file protein.csv (CSV, C-alpha atoms)
chain,number,residue,atom,x,y,z
A,1,MET,CA,-37.2,10.6,1.4
A,2,ASN,CA,-34.1,12.5,0.1
A,3,ARG,CA,-34.7,15.2,2.7
A,4,ARG,CA,-34.3,12.7,5.5
A,5,ARG,CA,-30.9,11.6,4.1
A,6,THR,CA,-29.2,15.0,4.3
A,7,THR,CA,-28.0,14.8,7.9
A,8,SER,CA,-24.5,13.8,6.8
A,9,PRO,CA,-22.6,14.9,3.7
A,10,SER,CA,-21.6,11.4,2.9
A,11,SER,CA,-24.9,9.7,3.7
A,12,SER,CA,-25.7,9.2,0.0
A,13,SER,CA,-22.3,7.5,-0.9
A,14,PRO,CA,-22.7,3.8,-1.8
A,15,PRO,CA,-20.0,2.4,0.6
A,16,ARG,CA,-21.9,3.9,3.6
A,17,ARG,CA,-25.3,2.4,2.7
A,18,LEU,CA,-26.5,0.0,5.3
A,19,PRO,CA,-29.8,-1.7,6.1
A,20,SER,CA,-32.3,0.8,7.5
A,21,TRP,CA,-32.9,-1.4,10.5
A,22,LEU,CA,-29.2,-1.4,11.4
A,23,PRO,CA,-28.2,2.0,12.8
A,24,VAL,CA,-24.5,2.3,13.3
A,25,ASP,CA,-23.5,5.1,15.7
A,26,PRO,CA,-19.7,5.7,15.9
A,27,TYR,CA,-20.3,7.0,19.4
A,28,ILE,CA,-21.2,3.5,20.5
A,29,LEU,CA,-17.9,2.2,19.1
A,30,ALA,CA,-16.1,5.0,20.8
A,31,LEU,CA,-17.6,4.0,24.2
A,32,LEU,CA,-16.6,0.4,23.7
A,33,GLY,CA,-13.1,1.5,22.6
A,34,THR,CA,-12.8,3.7,25.7
A,35,VAL,CA,-13.7,0.8,28.0
A,36,ALA,CA,-11.2,-1.4,26.2
A,37,LEU,CA,-8.5,1.3,26.6
A,38,ALA,CA,-9.3,1.5,30.4
A,39,ALA,CA,-9.0,-2.3,30.6
A,40,LEU,CA,-5.6,-2.4,28.8
A,41,LEU,CA,-4.1,0.9,30.1
A,42,PRO,CA,-5.9,2.0,33.2
A,43,ALA,CA,-4.9,5.3,34.8
A,44,CYS,CA,-3.3,4.7,38.2
A,45,GLY,CA,-1.2,6.8,40.7
A,46,THR,CA,-0.6,10.3,39.6
A,47,ALA,CA,-2.2,9.6,36.2
A,48,ALA,CA,-5.4,8.6,38.0
A,49,ASP,CA,-5.4,11.9,40.0
A,50,VAL,CA,-4.9,13.9,36.8
A,51,ALA,CA,-7.6,12.0,34.9
A,52,GLY,CA,-10.0,12.4,37.9
A,53,GLY,CA,-9.5,16.2,38.0
A,54,ALA,CA,-9.9,16.4,34.2
A,55,SER,CA,-13.0,14.4,34.4
A,56,THR,CA,-14.5,16.6,37.0
A,57,GLY,CA,-13.7,19.7,35.0
A,58,ALA,CA,-15.1,18.1,31.8
A,59,VAL,CA,-18.4,17.4,33.5
A,60,ALA,CA,-18.7,20.9,34.8
A,61,LEU,CA,-18.0,22.2,31.3
A,62,LEU,CA,-20.6,19.8,29.9
A,63,PHE,CA,-23.3,21.2,32.2
A,64,PHE,CA,-22.2,24.7,31.6
A,65,LEU,CA,-22.8,24.2,27.9
A,66,TYR,CA,-26.2,22.7,28.6
A,67,GLY,CA,-27.2,25.7,30.5
A,68,ALA,CA,-25.8,28.2,28.0
A,69,ARG,CA,-27.6,26.4,25.1
A,70,LEU,CA,-31.1,26.4,26.7
A,71,SER,CA,-32.9,29.5,25.8
A,72,THR,CA,-34.8,30.9,28.8
A,73,ARG,CA,-37.6,32.0,26.6
A,74,GLU,CA,-37.9,28.5,25.1
A,75,ALA,CA,-38.0,27.1,28.6
A,76,MET,CA,-40.8,29.5,29.6
A,77,ASP,CA,-42.7,28.7,26.5
A,78,GLY,CA,-42.2,25.0,27.2
A,79,LEU,CA,-43.9,25.4,30.5
A,80,LYS,CA,-47.2,25.8,28.6
A,81,SER,CA,-47.0,22.0,27.9
A,82,TRP,CA,-47.0,21.2,31.6
A,83,ARG,CA,-49.1,18.0,31.2
A,84,LEU,CA,-46.5,16.7,28.7
A,85,HIS,CA,-43.6,17.5,31.1
A,86,LEU,CA,-45.3,16.0,34.1
A,87,THR,CA,-45.9,12.8,32.0
A,88,VAL,CA,-42.2,12.6,31.1
A,89,LEU,CA,-41.2,13.2,34.7
A,90,ALA,CA,-43.6,10.5,35.9
A,91,CYS,CA,-42.0,8.1,33.4
A,92,THR,CA,-38.5,9.0,34.4
A,93,PHE,CA,-38.8,9.3,38.2
A,94,LEU,CA,-41.8,7.1,39.0
A,95,MET,CA,-42.4,4.3,36.4
A,96,PHE,CA,-38.7,3.5,36.0
A,97,PRO,CA,-38.0,3.3,39.8
A,98,LEU,CA,-41.0,1.1,40.2
A,99,LEU,CA,-39.8,-1.3,37.6
A,100,GLY,CA,-36.3,-1.2,39.1
A,101,LEU,CA,-37.8,-2.2,42.5
A,102,ALA,CA,-39.7,-5.0,40.9
A,103,ALA,CA,-36.4,-6.4,39.5
A,104,ARG,CA,-35.3,-7.0,43.1
A,105,GLY,CA,-36.8,-10.4,42.8
A,106,LEU,CA,-34.1,-11.3,40.3
A,107,VAL,CA,-31.4,-11.3,43.0
A,108,PRO,CA,-29.4,-13.4,43.4
A,109,PHE,CA,-30.5,-15.9,40.8
A,110,VAL,CA,-30.2,-13.6,37.7
A,111,LEU,CA,-28.4,-10.5,39.0
A,112,THR,CA,-25.8,-10.1,41.6
A,113,PRO,CA,-26.5,-7.6,44.4
A,114,GLU,CA,-23.9,-5.2,42.9
A,115,LEU,CA,-25.4,-5.4,39.4
A,116,TYR,CA,-28.9,-4.9,40.8
A,117,SER,CA,-27.7,-1.7,42.6
A,118,GLY,CA,-26.4,-0.5,39.3
A,119,LEU,CA,-29.7,-1.4,37.6
A,120,LEU,CA,-31.7,0.4,40.2
A,121,PHE,CA,-29.4,3.5,40.0
A,122,LEU,CA,-30.0,3.4,36.2
A,123,CYS,CA,-33.8,3.7,36.9
A,124,LEU,CA,-33.2,6.8,39.0
A,125,VAL,CA,-31.1,8.8,36.4
A,126,PRO,CA,-32.8,11.7,34.5
A,127,SER,CA,-33.7,11.6,30.9
A,128,THR,CA,-31.4,12.6,28.0
A,129,ILE,CA,-31.4,15.9,26.1
A,130,GLN,CA,-29.6,15.6,22.7
A,131,SER,CA,-30.6,12.2,21.7
A,132,SER,CA,-34.3,12.8,22.7
A,133,ILE,CA,-34.3,15.9,20.5
A,134,ALA,CA,-32.6,14.1,17.6
A,135,PHE,CA,-34.9,11.1,17.6
A,136,THR,CA,-38.0,13.3,18.1
A,137,SER,CA,-36.9,15.4,15.1
A,138,MET,CA,-36.3,12.3,13.0
A,139,ALA,CA,-39.7,11.0,13.8
A,140,ARG,CA,-41.4,14.4,13.1
A,141,GLY,CA,-42.5,14.9,16.7
A,142,ASN,CA,-42.9,17.9,18.9
A,143,VAL,CA,-39.2,19.0,19.0
A,144,PRO,CA,-39.7,22.1,21.3
A,145,ALA,CA,-41.4,19.8,23.8
A,146,ALA,CA,-38.6,17.3,23.6
A,147,ILE,CA,-36.0,20.1,24.3
A,148,CYS,CA,-37.9,21.4,27.3
A,149,ALA,CA,-38.8,17.9,28.7
A,150,GLY,CA,-35.2,16.7,28.5
A,151,SER,CA,-33.9,19.9,30.0
A,152,PHE,CA,-36.4,19.9,32.9
A,153,SER,CA,-35.7,16.2,33.6
A,154,SER,CA,-31.9,16.9,33.7
A,155,ILE,CA,-32.4,19.9,36.1
A,156,ALA,CA,-34.7,18.0,38.3
A,157,GLY,CA,-32.5,14.9,38.3
A,158,ILE,CA,-29.6,16.9,39.9
A,159,VAL,CA,-31.6,16.9,43.1
A,160,VAL,CA,-34.2,14.1,42.6
A,161,THR,CA,-31.7,11.3,41.6
A,162,PRO,CA,-29.4,11.5,44.7
A,163,LEU,CA,-32.5,11.8,47.0
A,164,LEU,CA,-34.1,8.7,45.4
A,165,ALA,CA,-30.7,7.0,45.7
A,166,ALA,CA,-30.6,7.8,49.4
A,167,LEU,CA,-34.1,6.4,49.8
A,168,LEU,CA,-33.9,3.3,47.7
A,169,LEU,CA,-30.3,2.3,47.6
A,170,GLY,CA,-29.5,3.4,51.2
A,171,GLY,CA,-26.1,2.1,52.3
A,172,GLY,CA,-25.5,0.6,48.9
A,173,ALA,CA,-24.8,4.1,47.5
A,174,ASN,CA,-21.5,4.3,49.3
A,175,GLY,CA,-23.1,5.8,52.4
A,176,PHE,CA,-25.0,8.6,50.9
A,177,SER,CA,-24.7,11.8,52.9
A,178,PRO,CA,-25.7,15.5,52.5
A,179,ASP,CA,-22.1,16.1,51.5
A,180,SER,CA,-22.7,13.8,48.4
A,181,LEU,CA,-25.7,16.0,47.5
A,182,LEU,CA,-23.7,19.2,47.8
A,183,ARG,CA,-20.9,17.8,45.7
A,184,ILE,CA,-23.4,16.8,42.9
A,185,VAL,CA,-25.0,20.3,43.1
A,186,ALA,CA,-21.6,21.9,42.9
A,187,GLN,CA,-20.5,19.8,39.9
A,188,LEU,CA,-23.7,19.9,37.9
A,189,LEU,CA,-26.2,22.5,39.0
A,190,LEU,CA,-23.9,25.4,39.6
A,191,PRO,CA,-22.2,25.2,36.1
A,192,PHE,CA,-25.7,24.9,34.6
A,193,VAL,CA,-26.9,28.0,36.3
A,194,ALA,CA,-23.7,29.8,35.3
A,195,GLY,CA,-24.4,28.8,31.7
A,196,GLN,CA,-27.8,30.3,31.9
A,197,LEU,CA,-26.5,33.6,33.4
A,198,LEU,CA,-23.8,33.9,30.7
A,199,ARG,CA,-26.0,32.8,27.8
A,200,ARG,CA,-26.6,36.4,26.8
A,201,TRP,CA,-22.9,36.7,25.9
A,202,VAL,CA,-21.9,33.2,24.8
A,203,GLY,CA,-25.2,32.0,23.3
A,204,GLY,CA,-24.3,33.3,19.8
A,205,PHE,CA,-20.9,31.6,19.8
A,206,LEU,CA,-22.4,28.3,20.9
A,207,THR,CA,-25.0,28.5,18.1
A,208,ARG,CA,-22.3,29.1,15.5
A,209,HIS,CA,-20.2,26.2,16.7
A,210,ARG,CA,-22.7,23.4,17.3
A,211,THR,CA,-20.6,20.7,15.7
A,212,LEU,CA,-17.5,21.5,17.6
A,213,LEU,CA,-19.4,21.6,20.9
A,214,GLY,CA,-21.0,18.3,20.1
A,215,ARG,CA,-17.5,16.8,20.0
A,216,VAL,CA,-16.8,18.5,23.4
A,217,ASP,CA,-19.9,16.8,24.8
A,218,ARG,CA,-18.8,13.4,23.6
A,219,GLY,CA,-15.2,13.9,24.6
A,220,SER,CA,-16.2,14.9,28.1
A,221,ILE,CA,-18.4,11.8,28.5
A,222,LEU,CA,-15.6,9.5,27.1
A,223,LEU,CA,-13.2,11.0,29.6
A,224,VAL,CA,-15.6,10.2,32.5
A,225,VAL,CA,-16.0,6.7,31.2
A,226,TYR,CA,-12.3,6.1,31.0
A,227,THR,CA,-11.7,7.5,34.5
A,228,ALA,CA,-14.5,5.3,36.1
A,229,PHE,CA,-13.5,2.1,34.4
A,230,SER,CA,-9.8,2.7,35.2
A,231,GLN,CA,-10.7,2.9,38.8
A,232,GLY,CA,-12.6,-0.4,38.5
A,233,MET,CA,-9.6,-2.1,36.9
A,234,VAL,CA,-7.2,-0.9,39.5
A,235,ALA,CA,-9.6,-2.0,42.3
A,236,GLY,CA,-10.0,-5.4,40.6
A,237,ILE,CA,-13.8,-5.4,40.8
A,238,TRP,CA,-14.3,-6.7,37.3
A,239,HIS,CA,-13.4,-10.2,38.5
A,240,GLN,CA,-16.8,-10.2,40.3
A,241,VAL,CA,-18.7,-10.2,37.0
A,242,THR,CA,-19.0,-13.2,34.7
A,243,PRO,CA,-20.0,-13.1,31.0
A,244,GLY,CA,-23.2,-15.0,32.0
A,245,ARG,CA,-24.2,-12.3,34.5
A,246,LEU,CA,-23.6,-9.6,31.9
A,247,GLY,CA,-25.7,-11.5,29.4
A,248,ALA,CA,-28.5,-11.8,32.0
A,249,LEU,CA,-28.2,-8.1,32.8
A,250,PHE,CA,-28.5,-7.2,29.1
A,251,ALA,CA,-31.7,-9.4,28.8
A,252,VAL,CA,-33.2,-7.6,31.8
A,253,GLU,CA,-32.5,-4.2,30.3
A,254,VAL,CA,-34.1,-5.3,27.0
A,255,VAL,CA,-37.3,-6.0,28.9
A,256,LEU,CA,-37.0,-2.8,30.8
A,257,LEU,CA,-36.6,-0.6,27.7
A,258,ALA,CA,-39.4,-2.4,25.9
A,259,ALA,CA,-41.7,-1.9,28.9
A,260,MET,CA,-41.0,1.8,29.1
A,261,LEU,CA,-41.3,2.4,25.3
A,262,THR,CA,-44.7,0.7,25.4
A,263,VAL,CA,-45.9,2.5,28.6
A,264,SER,CA,-44.8,5.9,27.3
A,265,TRP,CA,-46.4,5.5,23.9
A,266,TYR,CA,-49.7,3.9,24.7
A,267,GLY,CA,-50.0,5.7,28.1
A,268,ALA,CA,-49.6,9.1,26.4
A,269,ARG,CA,-52.3,8.1,23.9
A,270,ARG,CA,-54.7,7.2,26.7
A,271,LEU,CA,-54.0,10.6,28.3
A,272,GLY,CA,-55.2,12.3,25.0
A,273,PHE,CA,-51.9,13.5,23.6
A,274,GLY,CA,-51.6,13.9,19.8
A,275,ARG,CA,-49.0,12.0,17.7
A,276,ALA,CA,-46.4,14.8,17.8
A,277,ASP,CA,-46.6,15.0,21.6
A,278,ARG,CA,-46.6,11.2,22.0
A,279,VAL,CA,-43.4,11.0,20.0
A,280,ALA,CA,-41.7,13.5,22.3
A,281,ILE,CA,-43.0,11.7,25.4
A,282,GLN,CA,-41.8,8.3,24.2
A,283,PHE,CA,-38.3,9.3,23.4
A,284,ALA,CA,-37.8,11.6,26.4
A,285,GLY,CA,-39.6,9.3,28.9
A,286,SER,CA,-37.9,6.0,27.9
A,287,LYS,CA,-34.2,7.0,27.9
A,288,LYS,CA,-31.6,7.7,30.5
A,289,SER,CA,-28.7,10.1,30.5
A,290,LEU,CA,-25.1,8.8,30.6
A,291,ALA,CA,-23.8,12.3,30.9
A,292,ALA,CA,-25.8,13.0,34.1
A,293,GLY,CA,-25.5,9.4,35.5
A,294,LEU,CA,-21.7,9.0,35.3
A,295,PRO,CA,-20.7,11.9,37.6
A,296,MET,CA,-23.5,11.1,40.0
A,297,ALA,CA,-22.3,7.5,40.2
A,298,SER,CA,-18.7,8.5,40.8
A,299,VAL,CA,-19.9,10.6,43.9
A,300,LEU,CA,-22.4,8.1,45.2
A,301,PHE,CA,-20.5,4.8,44.6
A,302,GLY,CA,-16.9,5.8,44.9
A,303,ALA,CA,-14.5,3.0,44.0
A,304,GLN,CA,-17.4,0.8,43.0
A,305,ALA,CA,-18.6,3.3,40.4
A,306,SER,CA,-17.4,1.4,37.3
A,307,LEU,CA,-19.4,-1.6,38.3
A,308,ALA,CA,-22.4,0.5,39.2
A,309,VAL,CA,-22.5,2.3,35.9
A,310,MET,CA,-22.2,-0.9,33.8
A,311,PRO,CA,-26.0,-1.2,33.6
A,312,LEU,CA,-26.2,2.4,32.6
A,313,MET,CA,-23.6,1.9,29.9
A,314,LEU,CA,-25.4,-1.1,28.4
A,315,PHE,CA,-28.7,0.7,28.6
A,316,HIS,CA,-27.3,3.7,26.9
A,317,MET,CA,-26.1,1.7,23.9
A,318,LEU,CA,-29.3,-0.3,23.7
A,319,GLN,CA,-31.5,2.8,23.8
A,320,LEU,CA,-29.6,4.5,21.0
A,321,VAL,CA,-29.9,1.4,18.7
A,322,VAL,CA,-33.6,0.7,19.5
A,323,CYS,CA,-34.8,4.3,19.5
A,324,ALA,CA,-33.0,4.9,16.2
A,325,MET,CA,-34.9,2.1,14.6
A,326,ILE,CA,-38.2,3.3,16.1
A,327,ALA,CA,-37.5,6.9,14.9
A,328,LYS,CA,-36.8,5.8,11.4
A,329,ARG,CA,-40.0,3.9,11.3
A,330,ARG,CA,-42.0,6.8,12.8
A,331,SER,CA,-40.6,9.1,10.1
A,332,LEU,CA,-42.6,7.1,7.6
A,333,ASP,CA,-45.9,7.7,9.4
A,334,PRO,CA,-48.6,9.8,7.6
A,335,GLN,CA,-48.6,13.5,8.3
A,336,PRO,CA,-50.6,14.5,11.4
A,337,ASP,CA,-53.3,16.2,9.2
A,338,ALA,CA,-53.9,12.8,7.6
A,339,LEU,CA,-55.0,11.3,11.0
A,340,PRO,CA,-58.4,12.9,11.8
A,341,ASP,CA,-59.2,10.4,14.5
A,342,GLU,CA,-56.3,11.6,16.7
A,343,PRO,CA,-56.1,14.9,18.6
A,344,GLN,CA,-53.6,17.2,17.0
A,345,GLY,CA,-50.3,18.2,18.7
A,346,LYS,CA,-48.5,21.5,18.2
A,347,PRO,CA,-47.4,22.5,14.7
A,348,LEU,CA,-44.2,20.8,13.8
A,349,PRO,CA,-41.2,23.1,13.5
A,350,LYS,CA,-38.6,22.8,10.8
A,351,GLU,CA,-36.2,20.0,11.5
A,352,PRO,CA,-33.0,21.4,13.2
A,353,ALA,CA,-29.5,20.3,12.3
A,354,ARG,CA,-28.6,17.2,14.3
A,355,GLU,CA,-25.6,17.4,16.5
A,356,GLY,CA,-25.1,13.6,16.9
A,357,LEU,CA,-26.4,11.4,19.6
A,358,PRO,CA,-24.4,12.0,22.8
A,359,ALA,CA,-25.6,10.7,26.1
call {"tool": "encode", "arguments": {"input": "protein.csv", "output": "structure tokens"}}
result
Amino acid sequence: MNRRRTTSPSSSSPPRRLPSWLPVDPYILALLGTVALAALLPACGTAADVAGGASTGAVALLFFLYGARLSTREAMDGLKSWRLHLTVLACTFLMFPLLGLAARGLVPFVLTPELYSGLLFLCLVPSTIQSSIAFTSMARGNVPAAICAGSFSSIAGIVVTPLLAALLLGGGANGFSPDSLLRIVAQLLLPFVAGQLLRRWVGGFLTRHRTLLGRVDRGSILLVVYTAFSQGMVAGIWHQVTPGRLGALFAVEVVLLAAMLTVSWYGARRLGFGRADRVAIQFAGSKKSLAAGLPMASVLFGAQASLAVMPLMLFHMLQLVVCAMIAKRRSLDPQPDALPDEPQGKPLPKEPAREGLPA
């Protein structure tokens, strides 16, 4: 048990001890604080132009770092688990969109058309990378598979997400056009490819400064959040949403997350995956990436982006809290070799140092 409590130097100090079922992630507080700052002091005029340019540059840097961190050899090795990766992709880009389409029946009685568009967009966004790895590691799952599954999902999402948005959202996505796809590719895919090409020279530096780069990740996402919500405040679109509607949206997302956690866990078991692989599938197949979704929404929805990303923001916070509780509980499961009735997954690697839980 002590080994699991060494992720933070102060984790054993009495003042920080909290109930195991109440995970407190400072990043969630930072997101809420950023939204509050945008509400009180939104960027407008020249400041908005500066914030927008900085946000675009931050996102490009974020995906450059993703590309530079991913080992090409690890990616090639991960292709051997093709059944697992196809399962995660099916959860991310098939099951989620189907559930999103089913939620159309909640309009207009539960959700407004604008909130539903945001909910459906949430269902089209790719999976996460860092938090999937962190939770899989905490739950003693197949960490290499989680790394590759999250990475493959993010890469595929750069193209698949805007195409699905064009198909399912249509005119609601601010008049999706080929130009929108090109802008997304330029902002996300090209920096990722550049990171892969330069990994040979910068990979060692990134490995030695993981903690600092984790802060860069989080700072980049917070800047995008501030820019998007500032635009929403200046445009006055938040007057369209009542607290009751937001409460209804949150309840819908609780059901959505519960459904995907259940489908990914028991569906993977039916497909014959061992416990370690099922852990990776559940965490990679049930979550959505705020880092990838925010810049895509800013391109696809324009001035309405802040309202469109509200469902994604809520879901991001919800998935961190719920998945942290599940991961803690799974960490107490018996070792795989004590479960002879289940097929065995790949040997578990040593738990890597956690870099926090960014989007």
call {"tool": "atom_distance", "arguments": {"input": "protein.csv", "atom1": "atom CA of A:Phe152", "atom2": "atom CA of A:Leu89"}}
result
8.4 Å
call {"tool": "atom_distance", "arguments": {"input": "protein.csv", "atom1": "atom CA of A:Met296", "atom2": "atom CA of A:Ile184"}}
result
6.4 Å
call {"tool": "residues_near_point", "arguments": {"input": "protein.csv", "point": "(-35.7, 10.4, 19.0)", "cutoff": "10 Å", "atoms": "only C-alpha atoms", "output": "ChimeraX atom specification"}}
result
/A:129-141,143,146,279-284,287,319-320,322-328,330,357
call {"tool": "atom_distance", "arguments": {"input": "protein.csv", "atom1": "atom CA of A:Ala47", "atom2": "atom CA of A:Leu190"}}
result
27.1 Å
call {"tool": "closest_residue", "arguments": {"input": "protein.csv", "among": "A:Leu294, A:Ala43, A:Ala60, A:Val263", "to": "A:Met95", "atoms": "all atoms listed in the file"}}
result
A:Val263
call {"tool": "closest_residue", "arguments": {"input": "protein.csv", "among": "A:Gly67, A:Gly244, A:Gly105, A:Gly204", "to": "A:Ser154", "atoms": "all atoms listed in the file"}}
result
A:Gly67
call {"tool": "closest_residue", "arguments": {"input": "protein.csv", "among": "A:Val299, A:Ala156, A:Cys148, A:Leu31", "to": "A:Thr56", "atoms": "all atoms listed in the file"}}
result
A:Val299
call {"tool": "residues_around", "arguments": {"input": "protein.csv", "residues": "A:Gly293", "least_positions_apart": "5", "cutoff": "12 Å", "atoms": "all atoms listed in the file", "output": "PyMOL selection string"}}
result
chain A and resi 59+118-128+154+157-158+161-162+165+184+188+221+224-225+228+287-288+298-301+305-306+308-313+315-316+359
call {"tool": "closest_residue", "arguments": {"input": "protein.csv", "among": "A:Leu332, A:Leu101, A:Ala149, A:Ala276", "to": "A:Leu169", "atoms": "only C-alpha atoms"}}
result
A:Leu101
call {"tool": "closest_residue", "arguments": {"input": "protein.csv", "among": "A:Asn142, A:Ser331, A:Thr112, A:Ser55", "to": "A:Ala248", "atoms": "all atoms listed in the file"}}
result
A:Thr112
call {"tool": "closest_residue", "arguments": {"input": "protein.csv", "among": "A:Pro108, A:Pro243, A:Leu65, A:Leu41", "to": "A:His209", "atoms": "only C-alpha atoms"}}
result
A:Leu65
call {"tool": "residues_around", "arguments": {"input": "protein.csv", "residues": "A:Ala36", "least_positions_apart": "6", "cutoff": "12 Å", "atoms": "all atoms listed in the file", "output": "compact mmCIF listing (two decimals) with C-alpha atoms, keeping the file's coordinate frame"}}
result
# COMPACT_ATOMS: atom_id res chain seq x y z
CA LEU A 29 -17.90 2.20 19.10
CA ALA A 30 -16.10 5.00 20.80
CA PRO A 42 -5.90 2.00 33.20
CA LEU A 222 -15.60 9.50 27.10
CA VAL A 225 -16.00 6.70 31.20
CA TYR A 226 -12.30 6.10 31.00
CA PHE A 229 -13.50 2.10 34.40
CA SER A 230 -9.80 2.70 35.20
CA MET A 233 -9.60 -2.10 36.90
